[in-house]
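Chemist: Below is protein.txt; it holds compact mmCIF, C-alpha atoms.
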```
# COMPACT_ATOMS: atom_id res chain seq x y z
CA MET M 1 36.22 -93.01 -26.69
CA GLY M 2 38.26 -95.56 -28.63
CA HIS M 3 41.15 -96.63 -26.41
CA HIS M 4 39.44 -99.87 -25.50
CA ARG M 5 38.90 -100.87 -29.14
CA PHE M 6 42.48 -99.99 -30.00
CA VAL M 7 44.06 -102.00 -27.17
CA TYR M 8 41.71 -104.93 -27.66
CA LEU M 9 42.47 -105.16 -31.39
CA PHE M 10 46.16 -104.75 -30.70
CA LEU M 11 46.20 -107.62 -28.22
CA LEU M 12 44.35 -109.90 -30.60
CA SER M 13 46.80 -109.05 -33.39
CA TYR M 14 49.84 -109.29 -31.15
CA VAL M 15 48.88 -112.65 -29.69
CA SER M 16 48.06 -113.97 -33.16
CA CYS M 17 51.53 -112.97 -34.30
CA LEU M 18 53.08 -114.80 -31.37
CA ILE M 19 51.05 -117.92 -32.07
CA CYS M 20 51.72 -117.90 -35.83
CA SER M 21 55.36 -116.86 -35.74
CA PRO M 22 57.50 -119.38 -37.65
CA SER M 23 60.45 -118.55 -35.41
CA SER M 24 58.68 -120.01 -32.37
CA PRO M 25 58.60 -123.84 -32.37
CA SER M 26 55.16 -125.20 -31.61
CA SER M 27 56.66 -127.51 -29.02
CA VAL M 28 57.76 -124.56 -26.91
CA THR M 29 55.22 -123.04 -24.55
CA ALA M 30 54.96 -119.33 -25.27
CA LYS M 31 55.23 -116.92 -22.36
CA ASN M 32 52.22 -114.82 -21.47
CA VAL M 33 51.98 -111.32 -22.88
CA SER M 34 52.86 -108.75 -20.23
CA LEU M 35 50.24 -105.97 -20.16
CA SER M 36 50.58 -103.05 -17.73
CA LEU M 37 48.21 -100.13 -17.34
CA TYR M 38 49.48 -96.93 -15.71
CA TYR M 39 46.44 -94.81 -14.99
CA GLU M 40 44.62 -92.45 -12.63
CA THR M 41 41.23 -93.28 -11.24
CA LEU M 42 39.26 -90.22 -12.37
CA CYS M 43 40.74 -89.84 -15.84
CA PRO M 44 37.70 -90.67 -18.01
CA TYR M 45 39.90 -92.30 -20.63
CA SER M 46 41.47 -94.57 -18.02
CA ALA M 47 38.06 -95.51 -16.68
CA ASP M 48 36.76 -96.17 -20.18
CA LEU M 49 39.71 -98.42 -20.97
CA ILE M 50 39.21 -100.48 -17.80
CA VAL M 51 35.43 -100.74 -18.06
CA ASN M 52 34.97 -101.13 -21.81
CA GLY M 53 38.35 -102.43 -22.93
CA PHE M 54 40.23 -104.60 -20.49
CA SER M 55 37.05 -106.26 -19.24
CA LYS M 56 36.75 -107.95 -22.65
CA ILE M 57 39.92 -109.96 -22.16
CA PHE M 58 38.24 -111.64 -19.18
CA ASP M 59 35.08 -112.36 -21.16
CA ASN M 60 36.77 -114.03 -24.13
CA GLY M 61 39.49 -115.97 -22.33
CA LEU M 62 42.38 -113.85 -23.61
CA ILE M 63 43.30 -113.23 -19.97
CA ASP M 64 44.69 -116.79 -19.87
CA ILE M 65 47.67 -115.68 -21.94
CA VAL M 66 47.99 -112.14 -20.56
CA ASP M 67 49.70 -111.03 -17.34
CA LEU M 68 47.74 -107.88 -16.47
CA LYS M 69 49.11 -105.34 -14.02
CA LEU M 70 47.30 -102.18 -12.87
CA VAL M 71 49.19 -99.18 -11.49
CA PRO M 72 46.86 -96.41 -10.17
CA TYR M 73 49.09 -93.35 -10.00
CA GLY M 74 49.16 -91.57 -13.35
CA ASN M 75 49.97 -87.85 -13.34
CA THR M 76 50.09 -87.55 -9.55
CA ARG M 77 52.85 -85.37 -8.14
CA VAL M 78 54.58 -86.04 -4.81
CA GLY M 79 55.70 -83.05 -2.73
CA SER M 80 58.87 -82.82 -0.68
CA ASP M 81 56.81 -83.65 2.42
CA GLY M 82 55.33 -86.76 0.79
CA SER M 83 51.96 -85.14 0.10
CA MET M 84 50.29 -85.94 -3.22
CA THR M 85 48.58 -83.68 -5.75
CA CYS M 86 46.37 -85.39 -8.31
CA LEU M 87 45.37 -84.11 -11.73
CA HIS M 88 41.63 -84.50 -11.02
CA GLY M 89 41.72 -83.27 -7.43
CA PRO M 90 41.93 -84.69 -3.90
CA TYR M 91 39.18 -87.25 -4.45
CA GLU M 92 41.25 -88.84 -7.18
CA CYS M 93 44.12 -89.15 -4.70
CA LEU M 94 41.74 -90.96 -2.37
CA LEU M 95 40.54 -93.36 -5.05
CA ASN M 96 44.10 -93.97 -6.27
CA THR M 97 44.92 -95.00 -2.71
CA VAL M 98 41.78 -97.13 -2.43
CA GLU M 99 42.66 -99.01 -5.60
CA ALA M 100 46.27 -99.41 -4.47
CA CYS M 101 44.91 -101.00 -1.30
CA VAL M 102 42.61 -103.24 -3.34
CA LEU M 103 45.58 -104.48 -5.38
CA HIS M 104 47.58 -105.10 -2.21
CA SER M 105 44.81 -106.73 -0.17
CA TRP M 106 43.38 -108.88 -2.96
CA PRO M 107 46.31 -109.97 -5.16
CA ASP M 108 44.10 -112.36 -7.15
CA LEU M 109 43.63 -110.69 -10.53
CA THR M 110 39.97 -111.51 -11.03
CA THR M 111 39.12 -110.35 -7.51
CA HIS M 112 40.82 -106.98 -7.61
CA PHE M 113 39.83 -106.28 -11.21
CA THR M 114 36.17 -106.93 -10.35
CA PHE M 115 36.25 -104.31 -7.60
CA ILE M 116 38.26 -101.77 -9.61
CA HIS M 117 35.91 -102.28 -12.57
CA CYS M 118 33.01 -101.39 -10.27
CA VAL M 119 34.73 -98.21 -9.02
CA GLU M 120 35.69 -97.09 -12.51
CA SER M 121 32.17 -97.74 -13.79
CA LEU M 122 30.91 -95.30 -11.17
CA ALA M 123 33.63 -92.82 -12.15
CA LEU M 124 32.45 -92.92 -15.76
CA GLU M 125 28.96 -92.01 -14.57
CA GLY M 126 30.24 -89.20 -12.32
CA LYS M 127 29.18 -91.19 -9.25
CA GLN M 128 32.65 -91.88 -7.87
CA ARG M 129 31.74 -90.67 -4.38
CA GLY M 130 29.62 -93.79 -4.05
CA TRP M 131 32.66 -96.05 -4.58
CA ASP M 132 32.10 -97.84 -1.26
CA SER M 133 28.87 -99.29 -2.69
CA CYS M 134 31.19 -101.61 -4.62
CA PHE M 135 31.71 -103.65 -1.46
CA LYS M 136 28.07 -104.64 -1.54
CA GLU M 137 28.01 -104.85 -5.33
CA THR M 138 30.93 -107.28 -5.46
CA GLY M 139 30.30 -109.04 -2.13
CA MET M 140 33.78 -108.18 -0.89
CA GLU M 141 34.74 -107.34 2.68
CA SER M 142 35.38 -103.65 3.34
CA THR M 143 37.58 -103.99 6.44
CA PRO M 144 40.97 -104.71 4.80
CA ILE M 145 40.59 -101.85 2.35
CA LEU M 146 39.41 -99.28 4.88
CA ASP M 147 42.14 -100.35 7.30
CA CYS M 148 44.76 -100.06 4.55
CA VAL M 149 43.62 -96.55 3.62
CA GLY M 150 43.20 -95.39 7.22
CA SER M 151 46.51 -96.77 8.50
CA GLY M 152 48.65 -94.95 5.97
CA LEU M 153 49.65 -98.16 4.20
CA GLY M 154 47.78 -97.03 1.11
CA ALA M 155 49.87 -93.85 0.93
CA LYS M 156 53.05 -95.93 1.13
CA LEU M 157 51.78 -98.14 -1.68
CA GLU M 158 51.14 -95.04 -3.77
CA LEU M 159 54.73 -93.91 -3.21
CA GLN M 160 55.87 -97.29 -4.51
CA PHE M 161 53.70 -96.79 -7.59
CA ALA M 162 55.16 -93.30 -7.95
CA ALA M 163 58.68 -94.74 -8.04
CA GLU M 164 57.64 -97.41 -10.55
CA THR M 165 55.87 -94.90 -12.80
CA ASN M 166 58.72 -92.40 -12.68
CA ALA M 167 61.20 -95.13 -13.58
CA LEU M 168 59.39 -96.06 -16.82
CA GLU M 169 61.63 -96.06 -19.89
CA PRO M 170 60.55 -94.50 -22.13
CA PRO M 171 58.82 -92.26 -19.60
CA GLN M 172 55.06 -91.98 -19.27
CA GLU M 173 53.74 -89.08 -21.34
CA TYR M 174 50.03 -89.24 -20.49
CA VAL M 175 47.43 -91.61 -19.12
CA PRO M 176 46.22 -94.17 -19.72
CA TRP M 177 49.74 -95.38 -20.49
CA VAL M 178 49.70 -98.96 -21.74
CA VAL M 179 52.86 -101.07 -21.84
CA VAL M 180 52.96 -104.40 -23.69
CA ASP M 181 55.99 -106.63 -23.18
CA GLY M 182 57.98 -103.62 -21.99
CA GLN M 183 57.03 -101.36 -24.89
CA PRO M 184 54.45 -98.54 -24.72
CA LEU M 185 51.50 -98.25 -27.07
CA TYR M 186 51.63 -94.70 -28.37
CA TRP M 187 48.67 -92.51 -29.21
CA ALA M 188 49.84 -88.96 -29.72
CA ASN M 189 47.95 -85.75 -29.10
CA ASN M 190 47.67 -85.29 -32.87
CA CYS M 191 45.16 -88.12 -32.59
CA THR M 192 47.12 -90.58 -34.72
CA HIS M 193 48.04 -93.89 -33.11
CA TYR M 194 51.10 -95.88 -34.15
CA VAL M 195 51.96 -99.32 -32.85
CA ARG M 196 54.55 -101.75 -34.11
CA LEU M 197 53.24 -105.31 -34.48
CA CYS M 198 55.52 -108.33 -34.81
CA LYS M 199 58.43 -106.10 -35.95
CA LEU M 200 56.90 -105.72 -39.42
CA HIS M 201 53.33 -104.42 -39.36
CA TYR M 202 51.77 -101.18 -38.12
CA ILE M 203 48.25 -100.18 -37.16
CA ARG M 204 47.07 -96.61 -37.53
CA LEU M 205 43.90 -95.31 -35.91
CA GLN M 206 42.49 -91.78 -35.92
CA GLY M 207 40.13 -90.00 -33.56
CA THR M 208 39.97 -87.25 -30.96
CA GLN M 209 42.45 -86.76 -28.15
CA ARG M 210 41.97 -89.58 -25.66
CA CYS M 211 44.42 -89.03 -22.86
CA CYS M 212 44.86 -87.05 -19.64
CA SER M 213 48.02 -84.96 -19.84
CA ALA M 214 50.02 -83.67 -16.89
CA GLU M 215 50.41 -80.41 -18.81
CA ALA M 216 46.94 -79.50 -17.54
CA MET M 217 48.21 -79.34 -13.95
```
Now, as a test, write the supplied structure out as structure tokens.

Modeler:
Amino acid sequence: MGHHRFVYLFLLSYVSCLICSPSSPSSVTAKNVSLSLYYETLCPYSADLIVNGFSKIFDNGLIDIVDLKLVPYGNTRVGSDGSMTCLHGPYECLLNTVEACVLHSWPDLTTHFTFIHCVESLALEGKQRGWDSCFKETGMESTPILDCVGSGLGAKLELQFAAETNALEPPQEYVPWVVVDGQPLYWANNCTHYVRLCKLHYIRLQGTQRCCSAEAM
């Protein structure tokens, strides 16, 4: 799986372009790079990107100039009665809701990313049904999350994420769907990745298909 390497290298290149750009006076404080991840909890490529990719920007300090936003919804479909159908089954719907509650209950980025990283690490190992062990693993209190899920608040949060995901322009084509400063990073099903850097330069990477497509539903 190479998503994490691709995004990590892109961010380094993109930030370097921002820092070195002659059009940006050094006396002006540059705005943080906006980085949004639209994903679903049991997509292995999403989990890999969170665990092996995005975690690196915390380790090397890049997070200081990145505004990271996680949106756990992905290829979910909402029925006319408000019920949700998830690409990887009902348990994914549960974990999407759990992570929505984590984001809501613990708005601090480091706090909620630590818990979500734990859950997605278990998902990568096929041990996602033990997600509640992450409370002990991270030392975080379970009550606000369980109350959020049990009260129906989590489902309402997921509907908000549904509206946000469906409003993306250009629209989400697969997950993980990564958006940097309002523009998506494309990696097509033909396994060739194209990204525009600093309006002039392009990166091309090749590999196997690394996305979860709604066409499988």

Chemist: For Ile65 in chain M, which residue among M:Leu35, M:Gly82, M:Ile145, M:Glu92 is the nearest when counting all atoms listed in the file?

Modeler: M:Leu35

Chemist: Kindly indicate which residue among M:Asn52, M:Asn60, M:Ser105, M:Ser83 lies nearest to Leu153 in chain M, using only C-alpha atoms for the distances.

Modeler: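 Selected residue with least distance to Leu153 in chain M: M:Ser105.
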
Chemist: Using only C-alpha atoms, give me every residue within 9 Å of (55.4, -100.7, -20.9) in file coordinates, as a tab-separated table (two decimals) with C-alpha atoms, keeping the file's coordinate frame.

Modeler:
```tsv
chain	number	residue	atom	x	y	z
M	34	SER	CA	52.86	-108.75	-20.23
M	35	LEU	CA	50.24	-105.97	-20.16
M	36	SER	CA	50.58	-103.05	-17.73
M	37	LEU	CA	48.21	-100.13	-17.34
M	38	TYR	CA	49.48	-96.93	-15.71
M	168	LEU	CA	59.39	-96.06	-16.82
M	169	GLU	CA	61.63	-96.06	-19.89
M	170	PRO	CA	60.55	-94.50	-22.13
M	172	GLN	CA	55.06	-91.98	-19.27
M	177	TRP	CA	49.74	-95.38	-20.49
M	178	VAL	CA	49.70	-98.96	-21.74
M	179	VAL	CA	52.86	-101.07	-21.84
M	180	VAL	CA	52.96	-104.40	-23.69
M	181	ASP	CA	55.99	-106.63	-23.18
M	182	GLY	CA	57.98	-103.62	-21.99
M	183	GLN	CA	57.03	-101.36	-24.89
M	184	PRO	CA	54.45	-98.54	-24.72
M	185	LEU	CA	51.50	-98.25	-27.07
```

Chemist: With all atoms listed in the file as the atoms that count, which of M:Leu109, M:Leu68, M:Cys93, M:Val51 lies nearest to Ser121 in chain M?

Modeler: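 Result for the nearest residue to Ser121 in chain M: M:Val51.
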
Chemist: Work out how far CA of Glu141 in chain M is from CA of Glu125 in chain M, in Å to one decimal.

Modeler: 23.8 Å

Chemist: Could you work out how far CA of Val66 in chain M lies from CA of Val33 in chain M, giving the answer in Å with one decimal?

Modeler: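 Taking CA of Val33 in chain M and CA of Val66 in chain M, their separation equals 4.7 Å.
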
Chemist: To one decimal in Å, tell me the separation between CA of Cys101 in chain M and CA of Val71 in chain M.

Modeler: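 So the answer is 11.2 Å.
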
Chemist: Quick one: range 29-165 of chain M with C-alpha atoms, as a PDB file, in the first residue's frame?

Modeler:
```
ATOM      1  CA  THR M  29       3.002  34.595   7.840  1.00  0.00           C
ATOM      2  CA  ALA M  30       1.833  31.801   5.554  1.00  0.00           C
ATOM      3  CA  LYS M  31      -1.504  30.167   6.283  1.00  0.00           C
ATOM      4  CA  ASN M  32      -1.546  26.523   7.279  1.00  0.00           C
ATOM      5  CA  VAL M  33      -2.129  23.928   4.590  1.00  0.00           C
ATOM      6  CA  SER M  34      -5.684  22.606   4.762  1.00  0.00           C
ATOM      7  CA  LEU M  35      -5.694  18.790   4.638  1.00  0.00           C
ATOM      8  CA  SER M  36      -8.984  16.861   4.732  1.00  0.00           C
ATOM      9  CA  LEU M  37      -9.414  13.098   4.648  1.00  0.00           C
ATOM     10  CA  TYR M  38     -12.773  11.659   3.574  1.00  0.00           C
ATOM     11  CA  TYR M  39     -12.687   7.987   4.460  1.00  0.00           C
ATOM     12  CA  GLU M  40     -14.513   4.938   5.804  1.00  0.00           C
ATOM     13  CA  THR M  41     -13.273   3.087   8.838  1.00  0.00           C
ATOM     14  CA  LEU M  42     -12.931  -0.420   7.399  1.00  0.00           C
ATOM     15  CA  CYS M  43     -11.481   0.483   4.012  1.00  0.00           C
ATOM     16  CA  PRO M  44      -7.957  -0.975   4.327  1.00  0.00           C
ATOM     17  CA  TYR M  45      -6.514   1.840   2.230  1.00  0.00           C
ATOM     18  CA  SER M  46      -8.059   4.442   4.516  1.00  0.00           C
ATOM     19  CA  ALA M  47      -6.732   2.664   7.580  1.00  0.00           C
ATOM     20  CA  ASP M  48      -3.281   2.359   6.022  1.00  0.00           C
ATOM     21  CA  LEU M  49      -3.208   6.064   5.197  1.00  0.00           C
ATOM     22  CA  ILE M  50      -4.154   7.046   8.759  1.00  0.00           C
ATOM     23  CA  VAL M  51      -1.842   4.590  10.502  1.00  0.00           C
ATOM     24  CA  ASN M  52       1.203   4.691   8.227  1.00  0.00           C
ATOM     25  CA  GLY M  53       0.817   8.036   6.490  1.00  0.00           C
ATOM     26  CA  PHE M  54      -0.821  10.797   8.459  1.00  0.00           C
ATOM     27  CA  SER M  55       0.800   9.691  11.704  1.00  0.00           C
ATOM     28  CA  LYS M  56       4.147  10.815  10.268  1.00  0.00           C
ATOM     29  CA  ILE M  57       3.100  14.460  10.137  1.00  0.00           C
ATOM     30  CA  PHE M  58       2.733  14.347  13.931  1.00  0.00           C
ATOM     31  CA  ASP M  59       6.137  12.721  14.377  1.00  0.00           C
ATOM     32  CA  ASN M  60       8.118  15.213  12.293  1.00  0.00           C
ATOM     33  CA  GLY M  61       6.358  18.432  13.287  1.00  0.00           C
ATOM     34  CA  LEU M  62       4.690  19.004   9.915  1.00  0.00           C
ATOM     35  CA  ILE M  63       1.375  19.062  11.771  1.00  0.00           C
ATOM     36  CA  ASP M  64       2.292  22.564  13.004  1.00  0.00           C
ATOM     37  CA  ILE M  65       1.609  23.959   9.539  1.00  0.00           C
ATOM     38  CA  VAL M  66      -1.232  21.609   8.571  1.00  0.00           C
ATOM     39  CA  ASP M  67      -4.913  21.892   9.500  1.00  0.00           C
ATOM     40  CA  LEU M  68      -6.008  18.240   9.450  1.00  0.00           C
ATOM     41  CA  LYS M  69      -9.675  17.302   9.255  1.00  0.00           C
ATOM     42  CA  LEU M  70     -11.045  13.742   9.332  1.00  0.00           C
ATOM     43  CA  VAL M  71     -14.462  12.880   7.891  1.00  0.00           C
ATOM     44  CA  PRO M  72     -15.486   9.224   8.533  1.00  0.00           C
ATOM     45  CA  TYR M  73     -18.276   8.608   6.031  1.00  0.00           C
ATOM     46  CA  GLY M  74     -16.838   7.530   2.688  1.00  0.00           C
ATOM     47  CA  ASN M  75     -19.080   5.455   0.417  1.00  0.00           C
ATOM     48  CA  THR M  76     -21.924   5.174   2.919  1.00  0.00           C
ATOM     49  CA  ARG M  77     -25.433   5.510   1.509  1.00  0.00           C
ATOM     50  CA  VAL M  78     -28.339   7.066   3.418  1.00  0.00           C
ATOM     51  CA  GLY M  79     -31.822   5.644   2.856  1.00  0.00           C
ATOM     52  CA  SER M  80     -35.044   7.628   2.709  1.00  0.00           C
ATOM     53  CA  ASP M  81     -35.701   6.645   6.326  1.00  0.00           C
ATOM     54  CA  GLY M  82     -32.276   7.881   7.446  1.00  0.00           C
ATOM     55  CA  SER M  83     -30.794   4.387   7.724  1.00  0.00           C
ATOM     56  CA  MET M  84     -27.214   3.921   6.543  1.00  0.00           C
ATOM     57  CA  THR M  85     -25.643   1.215   4.387  1.00  0.00           C
ATOM     58  CA  CYS M  86     -21.864   0.981   4.470  1.00  0.00           C
ATOM     59  CA  LEU M  87     -19.573  -0.498   1.844  1.00  0.00           C
ATOM     60  CA  HIS M  88     -17.899  -2.875   4.323  1.00  0.00           C
ATOM     61  CA  GLY M  89     -21.035  -3.828   6.227  1.00  0.00           C
ATOM     62  CA  PRO M  90     -22.918  -2.820   9.383  1.00  0.00           C
ATOM     63  CA  TYR M  91     -19.834  -2.911  11.598  1.00  0.00           C
ATOM     64  CA  GLU M  92     -18.259  -0.216   9.472  1.00  0.00           C
ATOM     65  CA  CYS M  93     -21.362   1.918  10.046  1.00  0.00           C
ATOM     66  CA  LEU M  94     -20.842   1.440  13.778  1.00  0.00           C
ATOM     67  CA  LEU M  95     -17.177   2.411  13.638  1.00  0.00           C
ATOM     68  CA  ASN M  96     -17.921   5.393  11.388  1.00  0.00           C
ATOM     69  CA  THR M  97     -20.334   6.551  14.082  1.00  0.00           C
ATOM     70  CA  VAL M  98     -17.827   5.853  16.859  1.00  0.00           C
ATOM     71  CA  GLU M  99     -15.175   7.933  15.131  1.00  0.00           C
ATOM     72  CA  ALA M 100     -17.686  10.709  14.434  1.00  0.00           C
ATOM     73  CA  CYS M 101     -18.400  10.754  18.163  1.00  0.00           C
ATOM     74  CA  VAL M 102     -14.681  10.812  18.930  1.00  0.00           C
ATOM     75  CA  LEU M 103     -14.233  13.863  16.691  1.00  0.00           C
ATOM     76  CA  HIS M 104     -17.191  15.576  18.332  1.00  0.00           C
ATOM     77  CA  SER M 105     -16.356  14.704  21.941  1.00  0.00           C
ATOM     78  CA  TRP M 106     -12.612  15.343  21.713  1.00  0.00           C
ATOM     79  CA  PRO M 107     -12.103  18.266  19.306  1.00  0.00           C
ATOM     80  CA  ASP M 108      -8.393  18.492  20.141  1.00  0.00           C
ATOM     81  CA  LEU M 109      -6.601  17.110  17.087  1.00  0.00           C
ATOM     82  CA  THR M 110      -3.913  15.137  18.885  1.00  0.00           C
ATOM     83  CA  THR M 111      -6.476  13.580  21.227  1.00  0.00           C
ATOM     84  CA  HIS M 112      -8.943  12.382  18.629  1.00  0.00           C
ATOM     85  CA  PHE M 113      -6.249  11.333  16.161  1.00  0.00           C
ATOM     86  CA  THR M 114      -4.597   9.189  18.837  1.00  0.00           C
ATOM     87  CA  PHE M 115      -7.824   7.274  19.434  1.00  0.00           C
ATOM     88  CA  ILE M 116      -8.719   6.963  15.746  1.00  0.00           C
ATOM     89  CA  HIS M 117      -5.170   5.796  14.997  1.00  0.00           C
ATOM     90  CA  CYS M 118      -5.668   3.031  17.571  1.00  0.00           C
ATOM     91  CA  VAL M 119      -8.983   1.927  16.030  1.00  0.00           C
ATOM     92  CA  GLU M 120      -7.609   1.953  12.498  1.00  0.00           C
ATOM     93  CA  SER M 121      -4.536  -0.010  13.584  1.00  0.00           C
ATOM     94  CA  LEU M 122      -6.874  -2.735  14.819  1.00  0.00           C
ATOM     95  CA  ALA M 123      -8.840  -2.545  11.553  1.00  0.00           C
ATOM     96  CA  LEU M 124      -5.656  -3.156   9.572  1.00  0.00           C
ATOM     97  CA  GLU M 125      -5.071  -6.303  11.616  1.00  0.00           C
ATOM     98  CA  GLY M 126      -8.677  -7.495  11.196  1.00  0.00           C
ATOM     99  CA  LYS M 127      -9.290  -6.947  14.917  1.00  0.00           C
ATOM    100  CA  GLN M 128     -11.747  -4.073  14.611  1.00  0.00           C
ATOM    101  CA  ARG M 129     -14.285  -5.716  16.931  1.00  0.00           C
ATOM    102  CA  GLY M 130     -11.881  -5.002  19.758  1.00  0.00           C
ATOM    103  CA  TRP M 131     -12.025  -1.243  19.097  1.00  0.00           C
ATOM    104  CA  ASP M 132     -13.168  -0.501  22.654  1.00  0.00           C
ATOM    105  CA  SER M 133      -9.759  -1.680  23.901  1.00  0.00           C
ATOM    106  CA  CYS M 134      -8.518   1.676  22.596  1.00  0.00           C
ATOM    107  CA  PHE M 135     -10.009   3.365  25.658  1.00  0.00           C
ATOM    108  CA  LYS M 136      -7.545   1.512  27.836  1.00  0.00           C
ATOM    109  CA  GLU M 137      -4.765   1.772  25.253  1.00  0.00           C
ATOM    110  CA  THR M 138      -5.052   5.562  25.015  1.00  0.00           C
ATOM    111  CA  GLY M 139      -6.175   6.234  28.599  1.00  0.00           C
ATOM    112  CA  MET M 140      -9.299   8.014  27.401  1.00  0.00           C
ATOM    113  CA  GLU M 141     -12.701   7.951  29.075  1.00  0.00           C
ATOM    114  CA  SER M 142     -15.291   5.753  27.365  1.00  0.00           C
ATOM    115  CA  THR M 143     -18.451   7.413  28.714  1.00  0.00           C
ATOM    116  CA  PRO M 144     -18.754  10.376  26.301  1.00  0.00           C
ATOM    117  CA  ILE M 145     -18.233   8.172  23.259  1.00  0.00           C
ATOM    118  CA  LEU M 146     -20.617   5.413  24.321  1.00  0.00           C
ATOM    119  CA  ASP M 147     -23.232   7.998  25.311  1.00  0.00           C
ATOM    120  CA  CYS M 148     -22.845   9.739  21.946  1.00  0.00           C
ATOM    121  CA  VAL M 149     -23.300   6.487  20.031  1.00  0.00           C
ATOM    122  CA  GLY M 150     -26.139   5.226  22.218  1.00  0.00           C
ATOM    123  CA  SER M 151     -28.109   8.477  22.271  1.00  0.00           C
ATOM    124  CA  GLY M 152     -28.372   8.793  18.507  1.00  0.00           C
ATOM    125  CA  LEU M 153     -26.116  11.849  18.411  1.00  0.00           C
ATOM    126  CA  GLY M 154     -23.522   9.854  16.494  1.00  0.00           C
ATOM    127  CA  ALA M 155     -26.042   9.073  13.758  1.00  0.00           C
ATOM    128  CA  LYS M 156     -26.859  12.776  13.453  1.00  0.00           C
ATOM    129  CA  LEU M 157     -23.161  13.572  13.168  1.00  0.00           C
ATOM    130  CA  GLU M 158     -22.869  11.005  10.388  1.00  0.00           C
ATOM    131  CA  LEU M 159     -25.717  12.691   8.515  1.00  0.00           C
ATOM    132  CA  GLN M 160     -23.777  15.952   8.763  1.00  0.00           C
ATOM    133  CA  PHE M 161     -20.724  14.192   7.335  1.00  0.00           C
ATOM    134  CA  ALA M 162     -22.940  12.756   4.604  1.00  0.00           C
ATOM    135  CA  ALA M 163     -24.047  16.259   3.598  1.00  0.00           C
ATOM    136  CA  GLU M 164     -20.454  17.527   3.650  1.00  0.00           C
ATOM    137  CA  THR M 165     -19.167  14.589   1.602  1.00  0.00           C
TER     138      THR M 165
END
```
